[in-house]
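Single-structure report; data block below.
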Amino acid sequence: MRKLVAMLFGLLILATGFVAATIWQTTVVKDYSEGVYGIAVAEVGVKYDINNPYTNYEITYKTGYGGLKDEYHRQMLLTGNPYITVSKDYQSNGIIVKTYVYFDLVRVETVVASAGWPYT
Amino acid sequence: MKLSMYFIFLTYLMLIIFPAEVLPQPYWVEPGVYITYIASRYDPYFETVKGATPEQIHTAELYYTVNGTLFRIFANNDTYVRFEFIKVEKGYATVRVAINMSNVTISTIFLNGTKSPIFWNSGDVMSEKLLPSHEPGFEDCVWLEVKLEKIILSGTYKIRLEDGAVFGMNGTYYGKTFLWFDSTNPPNVNESIAINKGMETTVWKVGTLNRSMMTYYGKFGPPLFSVLYSTENTKFYQKIDSERTYPLMEISFGGPSAGIVYDPSTEIAIYPTIIENAPYSDFYAVGIQWAQFTDEKSAYNLIVKKDKSWGTGLILYDTNAEFDKVETVEYPKPQTLPAYFFYGLLFVLMTAVLTFKRWR
């Protein structure tokens with residue numbers, strides 16, 4: 001019984017030490033790409049243990065945006081061209097945002113942004 | 001009796017000369033006929049994609065459901081999509097679609113300790129990883145990432161010939177086929193052409209292109225026929241358990257979502273995914289929830305060489321349908337001189353038949 005209590009006490013000390021040694025930090029990984037017509041933005045929020053940043057971490061959010069630059073967005077509203085498709089792929093460690101830009105039936109551009117943790 | 005035989009002969013003559021004017025489906029829809037499209041890899045294209053690594057540039061991106069599990073499937077090398085009419089009977093065509101991809105990455109997320117369905121050959125696996133999830137609320141999940149040399153996704157479905165309606169083999173209705181269009185009855189704006197799990201695709205705009213376009217099969221047009229589509233912005237979720245879902249992909253549109261270029265002479269789709277996306281019933285019916293295809297060689301021709309005789313997406317690559325590789329096609333088909341000739345011939349034949357009958 002004494003041995004068991006001693007062992008549990010030892011484990012408690014170890015666990016307390018481990019918790020005390022974990023220092024959490026937060027960061028944001030962001031990527032931005034632009035072409036002639038379009039842009040793509042990808043972002044992840046990360047909370048990580050500064051001693052083990054790539055094994056002990058949480059990805060707190062994954063987000064992104066794709067669109068046209070302002071002048072082409074105004075042109076699109078007036079004429080219907082250029083127009084876009086935006087895809088966001090939520091991956092195991094981050095996000096990839098792709099903006100495809102078209103004029104009529106012609107694709108003129110693809111812009112890609114990606115963000116992840118461990119940093120990609 | 002003989003007179004009726006002549007009318008039967010004349011009817012066949014009309015069917016041969018003006019097939020699309022009479023039949024709702026193209027004359028080439030027969031058992032054994034196949035149509036193959038390609039989305040090819042072309043490394044010089046990579047430099048045109050701003051901000052991407054080569055691994056992020058794909059010829060095909062699919063979201064595919066197997067036994068309730070949603071998989072993301074990306075192909076980095078050539079992708080072929082082949083439709084084959086296996087059977088045509090009782091007003092329905094049974095079609096087999098096979099998507100042949102190489103240098104493939106498959107990924108998905110699911111509860112740790114459970115098994116995901118396996119629909120690939122173990123001999124084609126180059127690497128396989130199970131990665132722990134690091135997201136709050138999904139700590140009990142794992143990500144599966146499998147790299148394959150190649151994979152063929154295939155399935156069969158049915159097309160009702162009288163109106164092109166597409167059904168899964170269990171009878172579920174998914175919309176209308178994209179494989180052909182009825183030139184005598186073009187689609188109307190806002191008409192629904194595909195529906196899957198509440199996501200509807202409707203006609204945005206129809207039009208005529210007064211130019212020709214190149215494909216790997218041959219040159220088509222002018223004129224050509226284009227249809228643009230509209231689809232709601234959508235997310236594709238993996239079901240984790242009875243309470244949780246996880247979004248694998250989100251797609252949104254600032255304009256049309258999809259487009260097809262048809263050759264009006266043969267009614268075949270020569271560029272079925274010219275805006276890359278394929279929100280079509282022919283894919284839904286075999287479990288593909290979303291598909292995007294990019295032919296990188298033609299995209300390079302478009303973007304770098306400014307050669308607008310090419311489009312992108314999937315491109316007609318091969319078919320054994322019996323129509324000529326014509327440089328120019330006539331449309332509408334029965335036009336002035338040929339039409340006068342045909343109706344003149346018809347008049348002479350009928351007069352001859354009636355005169356012959358009267359003399360007897």
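Every chain in the structure tokens takes a letter, A first, then B, and so on in the order presented; its residues are numbered from 1, and the ligands are numbered from 1 following the presented order.
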DSSP on the backbone: which residues in region 2-177 of chain B end up as helix (DSSP H, G or I)? Give the answer as number ranges by chain.
B: 2-17, 19-22, 43-48, 54-56, 122-124
Distance-based interface of chain B with chain A, 9 Å, counting only C-alpha atoms, as a VMD selection string
chain B and resid 48 to 53 56 107 to 109 131 to 136 142 to 145 226 228 247 to 257 259 274 to 275 277 299 302 to 303 308 310 to 312
Check chain A with DSSP on the backbone and list each residue it calls strand (DSSP E), as a PyMOL selection string.
chain A and resi 24-34+38-49+57-68+83-90+94-103+106-116
Expected file contents, prior selection, C-alpha atoms, as a short mmCIF file (atom, residue, chain, number, x, y, z; two decimals), in the first residue's frame:
data_model
loop_
_atom_site.label_atom_id
_atom_site.label_comp_id
_atom_site.auth_asym_id
_atom_site.auth_seq_id
_atom_site.Cartn_x
_atom_site.Cartn_y
_atom_site.Cartn_z
CA TRP A 24 1.71 27.75 -24.75
CA GLN A 25 2.23 30.31 -27.46
CA THR A 26 -0.09 31.35 -30.28
CA THR A 27 0.71 32.39 -33.82
CA VAL A 28 -0.93 32.94 -37.18
CA VAL A 29 0.43 31.46 -40.41
CA LYS A 30 -0.72 33.48 -43.38
CA ASP A 31 -0.12 33.29 -47.13
CA TYR A 32 -1.14 35.80 -49.78
CA SER A 33 -0.80 35.44 -53.54
CA GLU A 34 -1.86 37.76 -56.30
CA GLY A 38 -7.16 37.74 -58.74
CA ILE A 39 -5.94 37.15 -55.23
CA ALA A 40 -5.90 34.26 -52.76
CA VAL A 41 -5.39 34.37 -48.99
CA ALA A 42 -4.95 31.40 -46.64
CA GLU A 43 -4.60 31.55 -42.86
CA VAL A 44 -4.38 29.17 -39.91
CA GLY A 45 -4.32 29.97 -36.21
CA VAL A 46 -1.99 27.84 -34.09
CA LYS A 47 -1.53 27.30 -30.35
CA TYR A 48 1.72 25.45 -29.67
CA ASP A 49 4.01 24.33 -26.86
CA TYR A 57 -0.03 21.94 -30.87
CA GLU A 58 -3.60 22.81 -31.82
CA ILE A 59 -4.79 24.30 -35.11
CA THR A 60 -7.42 26.65 -33.72
CA TYR A 61 -8.85 27.76 -37.08
CA LYS A 62 -8.38 27.45 -40.84
CA THR A 63 -9.72 30.16 -43.07
CA GLY A 64 -9.18 31.72 -46.48
CA TYR A 65 -10.42 34.08 -49.12
CA GLY A 66 -10.28 34.27 -52.88
CA GLY A 67 -11.45 37.07 -55.12
CA LEU A 68 -10.81 39.63 -57.80
CA TYR A 83 -15.55 35.96 -63.14
CA ILE A 84 -14.15 33.46 -60.64
CA THR A 85 -14.41 30.11 -58.95
CA VAL A 86 -12.84 29.87 -55.48
CA SER A 87 -12.08 26.54 -53.82
CA LYS A 88 -10.92 26.01 -50.24
CA ASP A 89 -9.45 22.62 -49.39
CA TYR A 90 -9.27 21.89 -45.67
CA GLY A 94 -3.89 23.57 -43.04
CA ILE A 95 -5.82 25.03 -45.93
CA ILE A 96 -5.29 25.63 -49.66
CA VAL A 97 -7.23 28.40 -51.42
CA LYS A 98 -7.41 28.53 -55.22
CA THR A 99 -8.90 31.37 -57.25
CA TYR A 100 -9.62 30.56 -60.90
CA VAL A 101 -10.24 33.61 -63.12
CA TYR A 102 -12.15 33.46 -66.42
CA PHE A 103 -13.13 35.77 -69.25
CA VAL A 106 -11.29 31.37 -71.35
CA ARG A 107 -9.37 30.77 -68.13
CA VAL A 108 -6.83 33.52 -67.80
CA GLU A 109 -5.34 32.91 -64.37
CA THR A 110 -5.09 30.67 -61.30
CA VAL A 111 -3.87 32.09 -58.00
CA VAL A 112 -3.09 29.80 -55.04
CA ALA A 113 -2.39 30.46 -51.36
CA SER A 114 -1.70 27.84 -48.70
CA ALA A 115 -1.07 27.94 -44.97
CA GLY A 116 -0.43 25.16 -42.49
#
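Of note, CA of Ala278 (chain B) and CA of Gln292 (chain B) are spaced 5.9 Å apart.
Compared by their closest atoms to Glu162 (chain B), and using only C-alpha atoms, the residues B:Val125, B:Met213, B:Ile288, B:Ala93 rank with B:Ala93 nearest.
Summary of the local environment: counting only C-alpha atoms, residues at most 9 Å from Tyr280 (chain B), other than itself and those fewer than 5 positions away along its chain, are B:Tyr174, B:Gly175, B:Lys176, B:Thr177, B:Phe178, B:Ile193, B:Ala194, B:Ile195, B:Asn196, B:Thr201, B:Ala285, B:Trp290, B:Ala291.
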Residues within 12 Å of Asn320 (chain B), please, as a PyMOL selection string. Count only C-alpha atoms; anything in the same chain fewer than 3 positions from it doesn't count.
chain B and resi 28-36+82-85+217+316-317+323-325
Please produce an output containing N, CA and C atoms for each residue in the selection, written as an mmCIF file, in the first residue's frame.
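Heads up, here's the output in selection.cif:
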data_model
loop_
_atom_site.group_PDB
_atom_site.id
_atom_site.type_symbol
_atom_site.label_atom_id
_atom_site.label_comp_id
_atom_site.auth_asym_id
_atom_site.auth_seq_id
_atom_site.Cartn_x
_atom_site.Cartn_y
_atom_site.Cartn_z
ATOM 1 N N TRP B 28 -25.430 8.421 -82.806
ATOM 2 C CA TRP B 28 -24.264 7.595 -82.467
ATOM 3 C C TRP B 28 -24.383 6.877 -81.125
ATOM 4 N N VAL B 29 -25.502 7.076 -80.419
ATOM 5 C CA VAL B 29 -25.673 6.371 -79.130
ATOM 6 C C VAL B 29 -26.042 4.924 -79.409
ATOM 7 N N GLU B 30 -25.058 4.066 -79.348
ATOM 8 C CA GLU B 30 -25.231 2.636 -79.632
ATOM 9 C C GLU B 30 -24.355 1.832 -78.681
ATOM 10 N N PRO B 31 -24.728 0.581 -78.429
ATOM 11 C CA PRO B 31 -23.872 -0.248 -77.562
ATOM 12 C C PRO B 31 -22.459 -0.352 -78.128
ATOM 13 N N GLY B 32 -21.485 -0.221 -77.267
ATOM 14 C CA GLY B 32 -20.085 -0.328 -77.693
ATOM 15 C C GLY B 32 -19.444 1.006 -78.008
ATOM 16 N N VAL B 33 -20.254 2.049 -78.140
ATOM 17 C CA VAL B 33 -19.679 3.361 -78.444
ATOM 18 C C VAL B 33 -19.071 3.957 -77.171
ATOM 19 N N TYR B 34 -17.864 4.468 -77.289
ATOM 20 C CA TYR B 34 -17.237 5.122 -76.140
ATOM 21 C C TYR B 34 -16.805 6.539 -76.514
ATOM 22 N N ILE B 35 -16.702 7.366 -75.495
ATOM 23 C CA ILE B 35 -16.181 8.731 -75.656
ATOM 24 C C ILE B 35 -15.144 8.914 -74.552
ATOM 25 N N THR B 36 -13.936 9.303 -74.927
ATOM 26 C CA THR B 36 -12.893 9.508 -73.919
ATOM 27 C C THR B 36 -12.460 10.968 -73.912
ATOM 28 N N ARG B 82 -13.663 8.168 -69.388
ATOM 29 C CA ARG B 82 -14.237 7.431 -70.519
ATOM 30 C C ARG B 82 -15.682 7.038 -70.213
ATOM 31 N N PHE B 83 -16.574 7.361 -71.123
ATOM 32 C CA PHE B 83 -17.982 6.955 -71.037
ATOM 33 C C PHE B 83 -18.220 5.916 -72.124
ATOM 34 N N GLU B 84 -18.810 4.780 -71.734
ATOM 35 C CA GLU B 84 -19.086 3.741 -72.728
ATOM 36 C C GLU B 84 -20.537 3.294 -72.617
ATOM 37 N N PHE B 85 -21.221 3.262 -73.759
ATOM 38 C CA PHE B 85 -22.605 2.780 -73.775
ATOM 39 C C PHE B 85 -22.563 1.259 -73.801
ATOM 40 N N TYR B 217 -9.067 15.127 -80.516
ATOM 41 C CA TYR B 217 -9.713 14.267 -81.505
ATOM 42 C C TYR B 217 -9.736 14.920 -82.880
ATOM 43 N N LEU B 316 -12.151 16.501 -75.499
ATOM 44 C CA LEU B 316 -12.421 15.285 -76.266
ATOM 45 C C LEU B 316 -11.111 14.720 -76.793
ATOM 46 N N TYR B 317 -10.896 13.434 -76.492
ATOM 47 C CA TYR B 317 -9.622 12.806 -76.814
ATOM 48 C C TYR B 317 -9.798 11.702 -77.863
ATOM 49 N N PHE B 323 -18.727 9.497 -86.634
ATOM 50 C CA PHE B 323 -18.905 10.775 -87.310
ATOM 51 C C PHE B 323 -17.541 11.255 -87.779
ATOM 52 N N ASP B 324 -17.593 12.048 -88.807
ATOM 53 C CA ASP B 324 -16.335 12.457 -89.433
ATOM 54 C C ASP B 324 -15.661 13.536 -88.618
ATOM 55 N N LYS B 325 -14.333 13.524 -88.704
ATOM 56 C CA LYS B 325 -13.564 14.628 -88.125
ATOM 57 C C LYS B 325 -13.614 15.765 -89.131
#
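For the atom pair formed by CA of Ser154 (chain B) and CA of Thr234 (chain B), the distance is 24.4 Å, given to one decimal.
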